[in-house]
Structures are given as C-alpha cells and as structure tokens.
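Some notes on the structure that comes next.
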Amino acid sequence: FLVFTITVPFTPVTMGALVVIDIDGFVVVMATGGFCYNVDMLKQYSPTNANLSTTNGHWANGEGMLVARDIGAKLVDMACVQVHPTGFIDPKEPKAREKTLAAECLRAAGALLINQEGHRFVNELGHRDDVTSAEKGQKGKIRLVLNPIAVAEVEPHVRMYTNFFKVLKPYKDSYALAKDMGISVDALKDTFDTYNEAARKGWCPSGKPRFPGTPYRIDQELRVGFVEPVLHYVMGGISINPAAEALDNNDRVIPGLFACGETAGGVHGRNRLAGNSLVECVVYGRVAGNSCIKMLNQGRRSKL
C-alpha cells in the first residue's frame with residue numbers, strides 16, 4: 001500500500017486558533033466538492049464562465065482536485081461547468097459572488113421570466129442551457145414573476161425566499177410592479193393575455209409544452225425577484241474507474257486513492273445525468289466506501 005499524508009487545517013471550536021495536523025492513511029477518499037467559487041480555477045479551466053456568480057459557497061474551491069493532481073492524478077472534463085439559469089440576486093448585495101438558487105420548481109409551478117420591457121422571451125420549462133442562452137441575449141434586468149396560482153403550488157419555497165432570503169418581493173398587483181419597473185402596465189397585460197391565450201390553444205412560439213400558473217391577471221398579487229445565470233456544479237474532476245479508484249495521466253490506478261461526488265470527473269460528461277448529482281455523490285460514494293473496505297480487508301467486500 002501507499003501511505004498518504006494529508007495536511008488538514010482546521011479551527012477547534014474551543015480554541016479559535018488555526019491548527020494544522022497530518023493524517024496518515026492507507027486509503028483516502030477525496031470528496032471535497034467542486035470549484036465554482038474559485039475564480040482562478042475557472043479562468044484556467046472554464047474561462048467563459050469565470051465572470052458568473054455561483055450558488056456555491058466560499059468552500060467550493062477545488063482544493064481536493066489540485067491535491068490529487070499534484071500527486072499525479074488525471075483531471076478530466078474540467079471545462080464542463082453547469083450553469084443554472086436562475087439564481088436570485090439579493091437587492092441589498094447585487095454584486096455578491098454567492099447567489100441563492102431559484103429552484104426549478106418555481107418555473108415548474110408557473111413562474112414567468114420577463115425582461116426589462118415586461119415581456120416573456122423564453123420557454124421557462126426549457127433545457128437549462130437554452131434558458132441561460134436566452135437570458136444572456138436580454139438587455140437589463142430579468143425578473144421571475146409568480147402569481148397566486150403558482151405560489152400555491154410551491155408555497156413553502158416562496159415563504160422561504162420571501163421571509164428568510166428576502167429575494168422575492170410582494171407586489172399588490174401588476175400596476176405596482178409596472179410602476180417599479182418604469183413601464184406601462186399595458187406591457188404586462190399584453191404578456192399575461194398572450195400567455196393565457198397560448199395556454200388555451202396549447203401552443204406557444206417559445207415551444208413551451210404546458211402552461212402552469214394560468215390565468216395570469218393584472219389585478220393579482222405577485223411575488224417578484226431578480227434572477228441571473230449562475231454557476232451550479234462542476235462535471236469535471238479527478239478521473240476514476242468503475243471502482244472509484246483515482247487514475248493517473250496514463251489511466252493507471254493510484255493505489256489507495258479514491259474519489260467521489262463533485263470532486264470526481266468523467267461520470268456525467270458535459271451535463272449532469274438526470275439533472276442531478278446522485279450518481280457521483282450517492283452511487284460512487286457507496287462504491288468508493290466499498291472499494292476502500294475491500295482494499296483494507298485484502299479483497300473482502302464490506303457488508304454495506
């Protein structure tokens with residue numbers, strides 16, 4: 001076996017001072033997440049996304065990938081970073097790097113995306129890449145709008161975004177929203193009437209297949225928030241085999257080093273399978289654990 005020495009900085013709760021310790025282990029599982037918060041890594045591996053905010057916190061800096069790379073591990077698909085079309089912008093901190101994810105369930109419930117002129121410009125239920133591309137083609141601010149019908153479908157989420165994160169603002173009606181936007185309420189009325197008519201016909205030029213939230217009316221109370229595309233997940237990372245063993249640049253196993261979760265690469269390809277990270281995190285987390293036990297038990301599988 002190789003013996004890995006991992007240097008771990010941490011701050012004990014009781015002491016408050018930074019302490020660095022070395023941990024020796026026959027097996028190490030890298031599960032340290034992605035690098036969506038790390039601007040330098042984004043500039044190196046995915047430069048077209050380096051200027052976007054992220055739903056990830058300041059801990060998502062990709063250190064595990066770099067540590068593995070420095071001992072010879074191969075990194076794959078590092079340019080493949082998932083962009084989510086709707087991250088809420090906090091009006092109090094519009095330039096903050098970390099944004100709150102506006103969950104897709106909001107659009108699934110009937111939330112509309114409107115531009116600064118009050119018009120829809122995309123199929124809100126479309127593929128993330130398509131919605132993001134349409135957003136980037138708009139000038140000015142983009143708003144996510146929910147009427148009471150849509151709110152009722154996702155009320156716990158709306159309550160959280162309104163009261164806790166404070167990124168959804170209530171408006172008495174469309175007249176109040178139009179005044180805040182500096183446009184005529186007729187623009188919103190036209191948008192809502194067109195959407196309702198599309199729902200009646202079952203067809204929309206945007207290709208939207210269904211029309212939740214209808215009918216939208218200008219006398220309804222609204223919940224509205226600013227949104228923008230945000231970095232959400234890294235598909236790339238440490239190259240692994242089906243046993244979650246890390247591979248070097250010649251695709252040979254690095255004995256005792258395993259990877260799973262967002263730190264691992266090559267599982268999803270350009271975008272996440274089924275739109276989520278369960279394969280990397282849950283499936284390969286279990287695989288990595290079993291592989292470690294199998295190695296430590298000299299070939300015997302664990303009972304997990």
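Residue names in the structure tokens use chain letters A, B, ... in the order shown, residue numbers from 1 in each chain, and ligand numbers from 1 in the order shown.
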
Q: List every residue of stretch 41-98 of chain A that DSSP, applied to the backbone of this structure, assigns to strand (DSSP E or B), and report them as a ChimeraX atom specification.
A: /A:53-54,73,75-76,81-88,98

Q) Near A:Ala152, within 12 Å and counting only C-alpha atoms, which residues show up once chain neighbours fewer than 2 positions away are dropped, as a VMD selection string? A) chain A and resid 105 to 106 109 to 111 146 to 150 154 to 159 212 to 213 222 to 223

With N, CA, C and O atoms retained, write the just-selected residues as a PDB file, in the first residue's frame.
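Output below, filename result-v8.pdb:
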ATOM      1  N   CYS A 105     -38.455  24.325  -9.389  1.00  0.00           N
ATOM      2  CA  CYS A 105     -39.855  24.087  -9.060  1.00  0.00           C
ATOM      3  C   CYS A 105     -40.680  25.367  -9.178  1.00  0.00           C
ATOM      4  O   CYS A 105     -41.907  25.301  -9.397  1.00  0.00           O
ATOM      5  N   LEU A 106     -40.043  26.537  -9.057  1.00  0.00           N
ATOM      6  CA  LEU A 106     -40.779  27.794  -9.203  1.00  0.00           C
ATOM      7  C   LEU A 106     -41.301  27.941 -10.624  1.00  0.00           C
ATOM      8  O   LEU A 106     -42.470  28.275 -10.848  1.00  0.00           O
ATOM      9  N   ALA A 109     -43.975  25.457 -11.428  1.00  0.00           N
ATOM     10  CA  ALA A 109     -45.277  25.808 -10.847  1.00  0.00           C
ATOM     11  C   ALA A 109     -45.979  26.918 -11.618  1.00  0.00           C
ATOM     12  O   ALA A 109     -47.162  27.178 -11.393  1.00  0.00           O
ATOM     13  N   GLY A 110     -45.241  27.585 -12.519  1.00  0.00           N
ATOM     14  CA  GLY A 110     -45.870  28.623 -13.329  1.00  0.00           C
ATOM     15  C   GLY A 110     -45.198  29.972 -13.300  1.00  0.00           C
ATOM     16  O   GLY A 110     -45.728  30.939 -13.871  1.00  0.00           O
ATOM     17  N   ALA A 111     -44.052  30.097 -12.645  1.00  0.00           N
ATOM     18  CA  ALA A 111     -43.337  31.377 -12.652  1.00  0.00           C
ATOM     19  C   ALA A 111     -42.939  31.748 -14.075  1.00  0.00           C
ATOM     20  O   ALA A 111     -42.532  30.891 -14.861  1.00  0.00           O
ATOM     21  N   LEU A 146     -44.263  35.354 -10.027  1.00  0.00           N
ATOM     22  CA  LEU A 146     -45.241  34.326  -9.656  1.00  0.00           C
ATOM     23  C   LEU A 146     -46.559  34.977  -9.275  1.00  0.00           C
ATOM     24  O   LEU A 146     -46.583  35.965  -8.526  1.00  0.00           O
ATOM     25  N   ASN A 147     -47.654  34.406  -9.777  1.00  0.00           N
ATOM     26  CA  ASN A 147     -48.976  34.843  -9.349  1.00  0.00           C
ATOM     27  C   ASN A 147     -49.467  33.916  -8.229  1.00  0.00           C
ATOM     28  O   ASN A 147     -48.788  32.936  -7.874  1.00  0.00           O
ATOM     29  N   PRO A 148     -50.631  34.165  -7.639  1.00  0.00           N
ATOM     30  CA  PRO A 148     -51.089  33.333  -6.519  1.00  0.00           C
ATOM     31  C   PRO A 148     -51.262  31.855  -6.867  1.00  0.00           C
ATOM     32  O   PRO A 148     -51.097  30.986  -5.992  1.00  0.00           O
ATOM     33  N   ILE A 149     -51.588  31.564  -8.115  1.00  0.00           N
ATOM     34  CA  ILE A 149     -51.768  30.165  -8.516  1.00  0.00           C
ATOM     35  C   ILE A 149     -50.431  29.436  -8.467  1.00  0.00           C
ATOM     36  O   ILE A 149     -50.328  28.315  -7.960  1.00  0.00           O
ATOM     37  N   ALA A 150     -49.400  30.078  -8.980  1.00  0.00           N
ATOM     38  CA  ALA A 150     -48.065  29.485  -8.937  1.00  0.00           C
ATOM     39  C   ALA A 150     -47.558  29.404  -7.496  1.00  0.00           C
ATOM     40  O   ALA A 150     -46.964  28.404  -7.087  1.00  0.00           O
ATOM     41  N   VAL A 154     -46.030  26.029  -4.659  1.00  0.00           N
ATOM     42  CA  VAL A 154     -44.707  25.928  -4.035  1.00  0.00           C
ATOM     43  C   VAL A 154     -44.622  26.881  -2.835  1.00  0.00           C
ATOM     44  O   VAL A 154     -43.607  27.528  -2.606  1.00  0.00           O
ATOM     45  N   GLU A 155     -45.681  26.946  -2.068  1.00  0.00           N
ATOM     46  CA  GLU A 155     -45.789  27.945  -1.000  1.00  0.00           C
ATOM     47  C   GLU A 155     -44.645  27.901   0.007  1.00  0.00           C
ATOM     48  O   GLU A 155     -44.115  28.956   0.394  1.00  0.00           O
ATOM     49  N   PRO A 156     -44.191  26.708   0.464  1.00  0.00           N
ATOM     50  CA  PRO A 156     -43.056  26.706   1.409  1.00  0.00           C
ATOM     51  C   PRO A 156     -41.801  27.348   0.825  1.00  0.00           C
ATOM     52  O   PRO A 156     -41.067  28.049   1.530  1.00  0.00           O
ATOM     53  N   HIS A 157     -41.550  27.114  -0.457  1.00  0.00           N
ATOM     54  CA  HIS A 157     -40.390  27.707  -1.107  1.00  0.00           C
ATOM     55  C   HIS A 157     -40.536  29.224  -1.184  1.00  0.00           C
ATOM     56  O   HIS A 157     -39.591  29.975  -0.905  1.00  0.00           O
ATOM     57  N   VAL A 158     -41.714  29.666  -1.587  1.00  0.00           N
ATOM     58  CA  VAL A 158     -41.952  31.101  -1.718  1.00  0.00           C
ATOM     59  C   VAL A 158     -41.818  31.785  -0.359  1.00  0.00           C
ATOM     60  O   VAL A 158     -41.247  32.876  -0.255  1.00  0.00           O
ATOM     61  N   ARG A 159     -42.335  31.156   0.678  1.00  0.00           N
ATOM     62  CA  ARG A 159     -42.220  31.721   2.022  1.00  0.00           C
ATOM     63  C   ARG A 159     -40.750  31.847   2.434  1.00  0.00           C
ATOM     64  O   ARG A 159     -40.338  32.853   3.019  1.00  0.00           O
ATOM     65  N   PRO A 212     -48.443  26.128 -16.693  1.00  0.00           N
ATOM     66  CA  PRO A 212     -48.850  26.216 -15.294  1.00  0.00           C
ATOM     67  C   PRO A 212     -49.013  27.674 -14.867  1.00  0.00           C
ATOM     68  O   PRO A 212     -48.436  28.580 -15.472  1.00  0.00           O
ATOM     69  N   GLY A 213     -49.796  27.879 -13.836  1.00  0.00           N
ATOM     70  CA  GLY A 213     -49.975  29.222 -13.294  1.00  0.00           C
ATOM     71  C   GLY A 213     -51.088  30.025 -13.932  1.00  0.00           C
ATOM     72  O   GLY A 213     -51.411  31.120 -13.456  1.00  0.00           O
ATOM     73  N   LEU A 222     -48.554  39.656  -6.807  1.00  0.00           N
ATOM     74  CA  LEU A 222     -47.412  38.996  -7.425  1.00  0.00           C
ATOM     75  C   LEU A 222     -46.250  38.901  -6.453  1.00  0.00           C
ATOM     76  O   LEU A 222     -46.104  39.723  -5.551  1.00  0.00           O
ATOM     77  N   ARG A 223     -45.415  37.887  -6.654  1.00  0.00           N
ATOM     78  CA  ARG A 223     -44.113  37.785  -5.981  1.00  0.00           C
ATOM     79  C   ARG A 223     -43.051  37.848  -7.068  1.00  0.00           C
ATOM     80  O   ARG A 223     -43.100  37.066  -8.028  1.00  0.00           O
TER      81      ARG A 223
END

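You can rank A:Leu42, A:Ile89, A:Ala73, A:Leu278 by their closest distance to A:Arg252 using only C-alpha atoms, and at the top of that list sits A:Ala73.
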
Using only C-alpha atoms, what does the table of stretch 187-233 of chain A residues within 12 Å of stretch 131-134 of chain A look like, with each row giving the shortest atom pair and its distance in Å to one decimal, sorted by chain and ascending number, as a tab-separated table?
residue	atom	partner	partner_atom	distance
A:Ser206	CA	A:Val131	CA	10.7
A:Gly207	CA	A:Val131	CA	11.9
A:Lys208	CA	A:Val131	CA	11.6
A:Val227	CA	A:Thr132	CA	10.8
A:Glu228	CA	A:Thr132	CA	8.3
A:Pro229	CA	A:Thr132	CA	6.0
A:Val230	CA	A:Thr132	CA	9.0
A:Leu231	CA	A:Thr132	CA	10.9

Go ahead and write the selection's residues with all heavy atoms as a PDB file, in the first residue's frame.
ATOM      1  N   SER A 206     -42.541  29.898 -28.151  1.00  0.00           N
ATOM      2  CA  SER A 206     -41.316  29.525 -27.441  1.00  0.00           C
ATOM      3  C   SER A 206     -41.124  28.014 -27.370  1.00  0.00           C
ATOM      4  O   SER A 206     -40.041  27.546 -27.013  1.00  0.00           O
ATOM      5  CB  SER A 206     -41.340  30.094 -26.019  1.00  0.00           C
ATOM      6  OG  SER A 206     -42.302  29.415 -25.217  1.00  0.00           O
ATOM      7  N   GLY A 207     -42.185  27.276 -27.693  1.00  0.00           N
ATOM      8  CA  GLY A 207     -42.119  25.819 -27.601  1.00  0.00           C
ATOM      9  C   GLY A 207     -42.535  25.273 -26.246  1.00  0.00           C
ATOM     10  O   GLY A 207     -42.387  24.070 -25.994  1.00  0.00           O
ATOM     11  N   LYS A 208     -43.041  26.110 -25.393  1.00  0.00           N
ATOM     12  CA  LYS A 208     -43.460  25.658 -24.068  1.00  0.00           C
ATOM     13  C   LYS A 208     -44.586  24.640 -24.198  1.00  0.00           C
ATOM     14  O   LYS A 208     -45.597  24.907 -24.853  1.00  0.00           O
ATOM     15  CB  LYS A 208     -43.910  26.847 -23.220  1.00  0.00           C
ATOM     16  CG  LYS A 208     -44.028  26.560 -21.731  1.00  0.00           C
ATOM     17  CD  LYS A 208     -44.183  27.842 -20.926  1.00  0.00           C
ATOM     18  CE  LYS A 208     -44.110  27.562 -19.439  1.00  0.00           C
ATOM     19  NZ  LYS A 208     -44.132  28.814 -18.636  1.00  0.00           N
ATOM     20  N   VAL A 227     -33.300  37.683 -11.232  1.00  0.00           N
ATOM     21  CA  VAL A 227     -32.525  36.455 -11.409  1.00  0.00           C
ATOM     22  C   VAL A 227     -31.468  36.651 -12.487  1.00  0.00           C
ATOM     23  O   VAL A 227     -31.577  37.536 -13.341  1.00  0.00           O
ATOM     24  CB  VAL A 227     -33.423  35.248 -11.783  1.00  0.00           C
ATOM     25  CG1 VAL A 227     -34.349  34.878 -10.633  1.00  0.00           C
ATOM     26  CG2 VAL A 227     -34.217  35.516 -13.053  1.00  0.00           C
ATOM     27  N   GLU A 228     -30.461  35.795 -12.457  1.00  0.00           N
ATOM     28  CA  GLU A 228     -29.411  35.780 -13.461  1.00  0.00           C
ATOM     29  C   GLU A 228     -28.820  34.376 -13.521  1.00  0.00           C
ATOM     30  O   GLU A 228     -28.961  33.594 -12.571  1.00  0.00           O
ATOM     31  CB  GLU A 228     -28.315  36.796 -13.122  1.00  0.00           C
ATOM     32  CG  GLU A 228     -27.524  36.457 -11.869  1.00  0.00           C
ATOM     33  CD  GLU A 228     -26.436  37.485 -11.576  1.00  0.00           C
ATOM     34  OE1 GLU A 228     -26.481  38.591 -12.153  1.00  0.00           O
ATOM     35  OE2 GLU A 228     -25.550  37.174 -10.752  1.00  0.00           O
ATOM     36  N   PRO A 229     -28.122  34.027 -14.623  1.00  0.00           N
ATOM     37  CA  PRO A 229     -27.454  32.721 -14.699  1.00  0.00           C
ATOM     38  C   PRO A 229     -26.342  32.625 -13.660  1.00  0.00           C
ATOM     39  O   PRO A 229     -25.626  33.591 -13.397  1.00  0.00           O
ATOM     40  CB  PRO A 229     -26.876  32.704 -16.126  1.00  0.00           C
ATOM     41  CG  PRO A 229     -27.689  33.695 -16.883  1.00  0.00           C
ATOM     42  CD  PRO A 229     -28.028  34.771 -15.899  1.00  0.00           C
ATOM     43  N   VAL A 230     -26.220  31.440 -13.059  1.00  0.00           N
ATOM     44  CA  VAL A 230     -25.218  31.227 -12.010  1.00  0.00           C
ATOM     45  C   VAL A 230     -24.552  29.866 -12.182  1.00  0.00           C
ATOM     46  O   VAL A 230     -25.165  28.917 -12.669  1.00  0.00           O
ATOM     47  CB  VAL A 230     -25.850  31.299 -10.598  1.00  0.00           C
ATOM     48  CG1 VAL A 230     -26.167  32.728 -10.212  1.00  0.00           C
ATOM     49  CG2 VAL A 230     -27.109  30.428 -10.508  1.00  0.00           C
ATOM     50  N   LEU A 231     -23.296  29.781 -11.769  1.00  0.00           N
ATOM     51  CA  LEU A 231     -22.590  28.507 -11.782  1.00  0.00           C
ATOM     52  C   LEU A 231     -23.130  27.632 -10.671  1.00  0.00           C
ATOM     53  O   LEU A 231     -23.339  28.102  -9.548  1.00  0.00           O
ATOM     54  CB  LEU A 231     -21.089  28.723 -11.587  1.00  0.00           C
ATOM     55  CG  LEU A 231     -20.419  29.670 -12.584  1.00  0.00           C
ATOM     56  CD1 LEU A 231     -18.933  29.782 -12.284  1.00  0.00           C
ATOM     57  CD2 LEU A 231     -20.642  29.196 -14.007  1.00  0.00           C
TER      58      LEU A 231
END

As a short mmCIF file (atom, residue, chain, number, x, y, z; two decimals) with N, CA and C atoms, in the first residue's frame, please: the residues near A:Leu188 (cut-off 12 Å, only C-alpha atoms, same-chain neighbours under 2 positions excluded).
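The resulting selection_6.cif:
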data_model
loop_
_atom_site.label_atom_id
_atom_site.label_comp_id
_atom_site.auth_asym_id
_atom_site.auth_seq_id
_atom_site.Cartn_x
_atom_site.Cartn_y
_atom_site.Cartn_z
N LEU A 112 -43.05 33.03 -14.40
CA LEU A 112 -42.66 33.53 -15.70
C LEU A 112 -41.36 34.32 -15.59
N LEU A 113 -40.59 34.31 -16.67
CA LEU A 113 -39.39 35.13 -16.76
C LEU A 113 -39.69 36.28 -17.71
N ILE A 114 -39.51 37.52 -17.23
CA ILE A 114 -39.78 38.68 -18.07
C ILE A 114 -38.55 39.59 -18.11
N ASN A 115 -38.38 40.28 -19.22
CA ASN A 115 -37.25 41.20 -19.38
C ASN A 115 -37.63 42.59 -18.88
N GLN A 116 -36.73 43.56 -19.10
CA GLN A 116 -36.96 44.89 -18.56
C GLN A 116 -38.15 45.60 -19.21
N GLU A 117 -38.61 45.08 -20.34
CA GLU A 117 -39.78 45.66 -21.01
C GLU A 117 -41.07 44.97 -20.59
N GLY A 118 -40.96 43.96 -19.72
CA GLY A 118 -42.15 43.27 -19.23
C GLY A 118 -42.61 42.13 -20.12
N HIS A 119 -41.76 41.67 -21.03
CA HIS A 119 -42.14 40.63 -21.98
C HIS A 119 -41.45 39.30 -21.67
N ARG A 120 -42.15 38.21 -21.92
CA ARG A 120 -41.53 36.89 -21.88
C ARG A 120 -40.60 36.76 -23.08
N VAL A 145 -41.46 36.06 -12.00
CA VAL A 145 -42.75 36.54 -11.50
C VAL A 145 -43.67 35.35 -11.21
N ASP A 173 -50.27 44.31 -7.07
CA ASP A 173 -50.80 43.95 -8.39
C ASP A 173 -49.79 44.36 -9.45
N SER A 174 -50.18 44.19 -10.71
CA SER A 174 -49.27 44.50 -11.81
C SER A 174 -49.04 45.99 -11.97
N TYR A 175 -50.00 46.79 -11.50
CA TYR A 175 -49.81 48.24 -11.57
C TYR A 175 -48.62 48.66 -10.72
N ALA A 176 -48.50 48.06 -9.53
CA ALA A 176 -47.38 48.38 -8.65
C ALA A 176 -46.07 47.89 -9.24
N LEU A 177 -46.10 46.71 -9.85
CA LEU A 177 -44.88 46.19 -10.47
C LEU A 177 -44.46 47.05 -11.66
N ALA A 178 -45.43 47.44 -12.50
CA ALA A 178 -45.12 48.27 -13.67
C ALA A 178 -44.52 49.60 -13.24
N LYS A 179 -45.06 50.17 -12.17
CA LYS A 179 -44.51 51.44 -11.66
C LYS A 179 -43.07 51.27 -11.22
N MET A 181 -40.98 49.06 -12.32
CA MET A 181 -40.16 48.78 -13.49
C MET A 181 -40.02 49.99 -14.42
N GLY A 182 -40.87 50.98 -14.23
CA GLY A 182 -40.82 52.14 -15.10
C GLY A 182 -41.41 51.88 -16.47
N ILE A 183 -42.42 51.01 -16.54
CA ILE A 183 -43.07 50.69 -17.82
C ILE A 183 -44.58 50.84 -17.66
N SER A 184 -45.29 50.78 -18.76
CA SER A 184 -46.74 50.82 -18.74
C SER A 184 -47.29 49.45 -18.31
N VAL A 185 -48.35 49.47 -17.53
CA VAL A 185 -48.97 48.21 -17.14
C VAL A 185 -49.50 47.46 -18.35
N ASP A 186 -49.71 48.17 -19.46
CA ASP A 186 -50.20 47.52 -20.68
C ASP A 186 -49.22 46.46 -21.19
N ASP A 190 -50.36 42.71 -21.77
CA ASP A 190 -50.16 42.03 -23.06
C ASP A 190 -49.43 40.70 -22.86
N THR A 191 -48.41 40.70 -22.01
CA THR A 191 -47.66 39.47 -21.74
C THR A 191 -48.56 38.41 -21.12
N PHE A 192 -49.35 38.81 -20.13
CA PHE A 192 -50.23 37.86 -19.45
C PHE A 192 -51.33 37.35 -20.39
N ASP A 193 -51.93 38.26 -21.15
CA ASP A 193 -53.01 37.84 -22.06
C ASP A 193 -52.47 36.87 -23.12
N THR A 194 -51.28 37.15 -23.63
CA THR A 194 -50.68 36.27 -24.63
C THR A 194 -50.38 34.90 -24.04
N TYR A 195 -49.90 34.88 -22.81
CA TYR A 195 -49.61 33.61 -22.14
C TYR A 195 -50.89 32.81 -21.89
N TYR A 216 -52.98 34.31 -15.65
CA TYR A 216 -52.30 35.48 -15.09
C TYR A 216 -53.17 36.70 -15.37
N ARG A 217 -53.43 37.51 -14.31
CA ARG A 217 -54.23 38.73 -14.48
C ARG A 217 -53.50 39.90 -13.81
N ILE A 218 -53.77 41.09 -14.29
CA ILE A 218 -53.04 42.26 -13.77
C ILE A 218 -53.54 42.69 -12.38
N ASP A 219 -54.68 42.14 -11.93
CA ASP A 219 -55.17 42.51 -10.60
C ASP A 219 -54.70 41.53 -9.52
N GLN A 220 -53.92 40.51 -9.90
CA GLN A 220 -53.43 39.53 -8.94
C GLN A 220 -52.22 40.06 -8.17
N LEU A 222 -48.55 39.66 -6.81
CA LEU A 222 -47.41 39.00 -7.43
C LEU A 222 -46.25 38.90 -6.45
#

Q) How many Å lie between atom CA of A:Val287 and atom CA of A:Cys80, rounded to one decimal? A) 23.4 Å

**Q.** Of the listed residues A:Val27, A:Leu75, A:Ala288, A:Met160, that which approaches A:Asn250 most closely, counting only C-alpha atoms
**A.**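 Of all the options, A:Leu75 lies closest to A:Asn250.
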
Q: With a distance cut-off of 10 Å and only C-alpha atoms, select the neighbouring residues of A:Ala259, excluding the residue or stretch itself and same-chain residues fewer than 3 positions from it, and output the selection as a ChimeraX atom specification.
A: /A:28-32,64-65,68,237-241,243-247,262-265,280-281,284-285,287-289

File of the preceding selection, N, CA and C atoms, as a JSON list (two decimals), in the first residue's frame:
[["chain", "number", "residue", "atom", "x", "y", "z"],
["A", 28, "VAL", "N", -7.48, 6.87, 1.03],
["A", 28, "VAL", "CA", -8.03, 8.22, 1.15],
["A", 28, "VAL", "C", -9.12, 8.39, 0.10],
["A", 29, "VAL", "N", -10.27, 8.89, 0.53],
["A", 29, "VAL", "CA", -11.35, 9.21, -0.41],
["A", 29, "VAL", "C", -11.45, 10.72, -0.53],
["A", 30, "MET", "N", -11.26, 11.23, -1.73],
["A", 30, "MET", "CA", -11.43, 12.64, -1.99],
["A", 30, "MET", "C", -12.91, 12.91, -2.26],
["A", 31, "ALA", "N", -13.53, 13.71, -1.42],
["A", 31, "ALA", "CA", -14.93, 14.09, -1.59],
["A", 31, "ALA", "C", -15.08, 15.55, -1.18],
["A", 32, "THR", "N", -14.27, 16.40, -1.80],
["A", 32, "THR", "CA", -14.14, 17.79, -1.36],
["A", 32, "THR", "C", -14.88, 18.79, -2.24],
["A", 64, "GLY", "N", -9.27, 19.73, -3.33],
["A", 64, "GLY", "CA", -9.07, 18.28, -3.43],
["A", 64, "GLY", "C", -8.59, 17.86, -4.80],
["A", 65, "MET", "N", -9.15, 18.48, -5.83],
["A", 65, "MET", "CA", -8.72, 18.17, -7.19],
["A", 65, "MET", "C", -7.26, 18.53, -7.40],
["A", 68, "ALA", "N", -4.89, 16.12, -5.59],
["A", 68, "ALA", "CA", -4.78, 14.86, -6.35],
["A", 68, "ALA", "C", -3.94, 15.06, -7.60],
["A", 237, "GLY", "N", -13.34, 16.71, -12.93],
["A", 237, "GLY", "CA", -12.68, 16.40, -11.67],
["A", 237, "GLY", "C", -11.67, 15.29, -11.83],
["A", 238, "ILE", "N", -11.42, 14.59, -10.75],
["A", 238, "ILE", "CA", -10.43, 13.50, -10.73],
["A", 238, "ILE", "C", -10.94, 12.32, -11.54],
["A", 239, "SER", "N", -10.14, 11.85, -12.46],
["A", 239, "SER", "CA", -10.53, 10.70, -13.28],
["A", 239, "SER", "C", -10.58, 9.45, -12.41],
["A", 240, "ILE", "N", -11.68, 8.69, -12.52],
["A", 240, "ILE", "CA", -11.84, 7.47, -11.73],
["A", 240, "ILE", "C", -12.28, 6.33, -12.64],
["A", 241, "ASN", "N", -12.11, 5.10, -12.13],
["A", 241, "ASN", "CA", -12.61, 3.92, -12.83],
["A", 241, "ASN", "C", -13.91, 3.47, -12.16],
["A", 243, "ALA", "N", -14.54, 1.41, -10.03],
["A", 243, "ALA", "CA", -14.39, 1.13, -8.60],
["A", 243, "ALA", "C", -14.11, 2.40, -7.81],
["A", 244, "ALA", "N", -14.23, 3.55, -8.45],
["A", 244, "ALA", "CA", -13.98, 4.87, -7.84],
["A", 244, "ALA", "C", -12.51, 5.08, -7.50],
["A", 245, "GLU", "N", -11.62, 4.28, -8.09],
["A", 245, "GLU", "CA", -10.19, 4.46, -7.87],
["A", 245, "GLU", "C", -9.68, 5.59, -8.76],
["A", 246, "ALA", "N", -8.85, 6.45, -8.20],
["A", 246, "ALA", "CA", -8.28, 7.55, -8.96],
["A", 246, "ALA", "C", -7.27, 7.03, -9.98],
["A", 247, "LEU", "N", -7.24, 7.66, -11.14],
["A", 247, "LEU", "CA", -6.35, 7.26, -12.21],
["A", 247, "LEU", "C", -5.31, 8.35, -12.47],
["A", 262, "GLU", "N", -18.69, 15.56, -6.36],
["A", 262, "GLU", "CA", -18.33, 16.57, -7.35],
["A", 262, "GLU", "C", -16.83, 16.61, -7.63],
["A", 263, "THR", "N", -16.03, 16.08, -6.71],
["A", 263, "THR", "CA", -14.58, 16.04, -6.92],
["A", 263, "THR", "C", -14.20, 15.07, -8.03],
["A", 264, "ALA", "N", -15.02, 14.05, -8.25],
["A", 264, "ALA", "CA", -14.75, 13.08, -9.30],
["A", 264, "ALA", "C", -15.19, 13.63, -10.65],
["A", 265, "GLY", "N", -14.53, 13.21, -11.71],
["A", 265, "GLY", "CA", -14.88, 13.68, -13.05],
["A", 265, "GLY", "C", -15.12, 12.52, -14.00],
["A", 280, "GLU", "N", -22.82, 10.62, -8.94],
["A", 280, "GLU", "CA", -21.49, 10.88, -8.37],
["A", 280, "GLU", "C", -21.49, 10.80, -6.85],
["A", 281, "CYS", "N", -22.49, 11.42, -6.23],
["A", 281, "CYS", "CA", -22.46, 11.55, -4.77],
["A", 281, "CYS", "C", -22.92, 10.28, -4.05],
["A", 284, "TYR", "N", -21.43, 6.63, -6.40],
["A", 284, "TYR", "CA", -19.98, 6.48, -6.31],
["A", 284, "TYR", "C", -19.47, 6.72, -4.89],
["A", 285, "GLY", "N", -20.23, 7.39, -4.06],
["A", 285, "GLY", "CA", -19.86, 7.46, -2.65],
["A", 285, "GLY", "C", -19.90, 6.08, -2.02],
["A", 287, "VAL", "N", -19.74, 3.23, -3.76],
["A", 287, "VAL", "CA", -18.72, 2.43, -4.44],
["A", 287, "VAL", "C", -17.35, 2.69, -3.81],
["A", 288, "ALA", "N", -17.04, 3.98, -3.59],
["A", 288, "ALA", "CA", -15.74, 4.33, -3.01],
["A", 288, "ALA", "C", -15.59, 3.71, -1.62],
["A", 289, "GLY", "N", -16.63, 3.78, -0.81],
["A", 289, "GLY", "CA", -16.57, 3.18, 0.52],
["A", 289, "GLY", "C", -16.34, 1.69, 0.47]]

Q: Report the residues of stretch 140-210 of chain A whose backbone DSSP state falls under helix (DSSP H, G or I), written as a PyMOL selection string.
A: chain A and resi 148-153+155-164+174-181+185-201

Q | Within 7 Å of A:Val167 using only C-alpha atoms, minus same-chain residues under 5 positions, as a PyMOL selection string | A | chain A and resi 88-90+161-162+225

Q.
Ranking A:Lys201, A:His84, A:Lys189, A:Lys294 by minimum distance to A:Glu135 and counting only C-alpha atoms, which one comes first?
A.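 Of the candidates, the smallest distance to A:Glu135 is held by A:His84.
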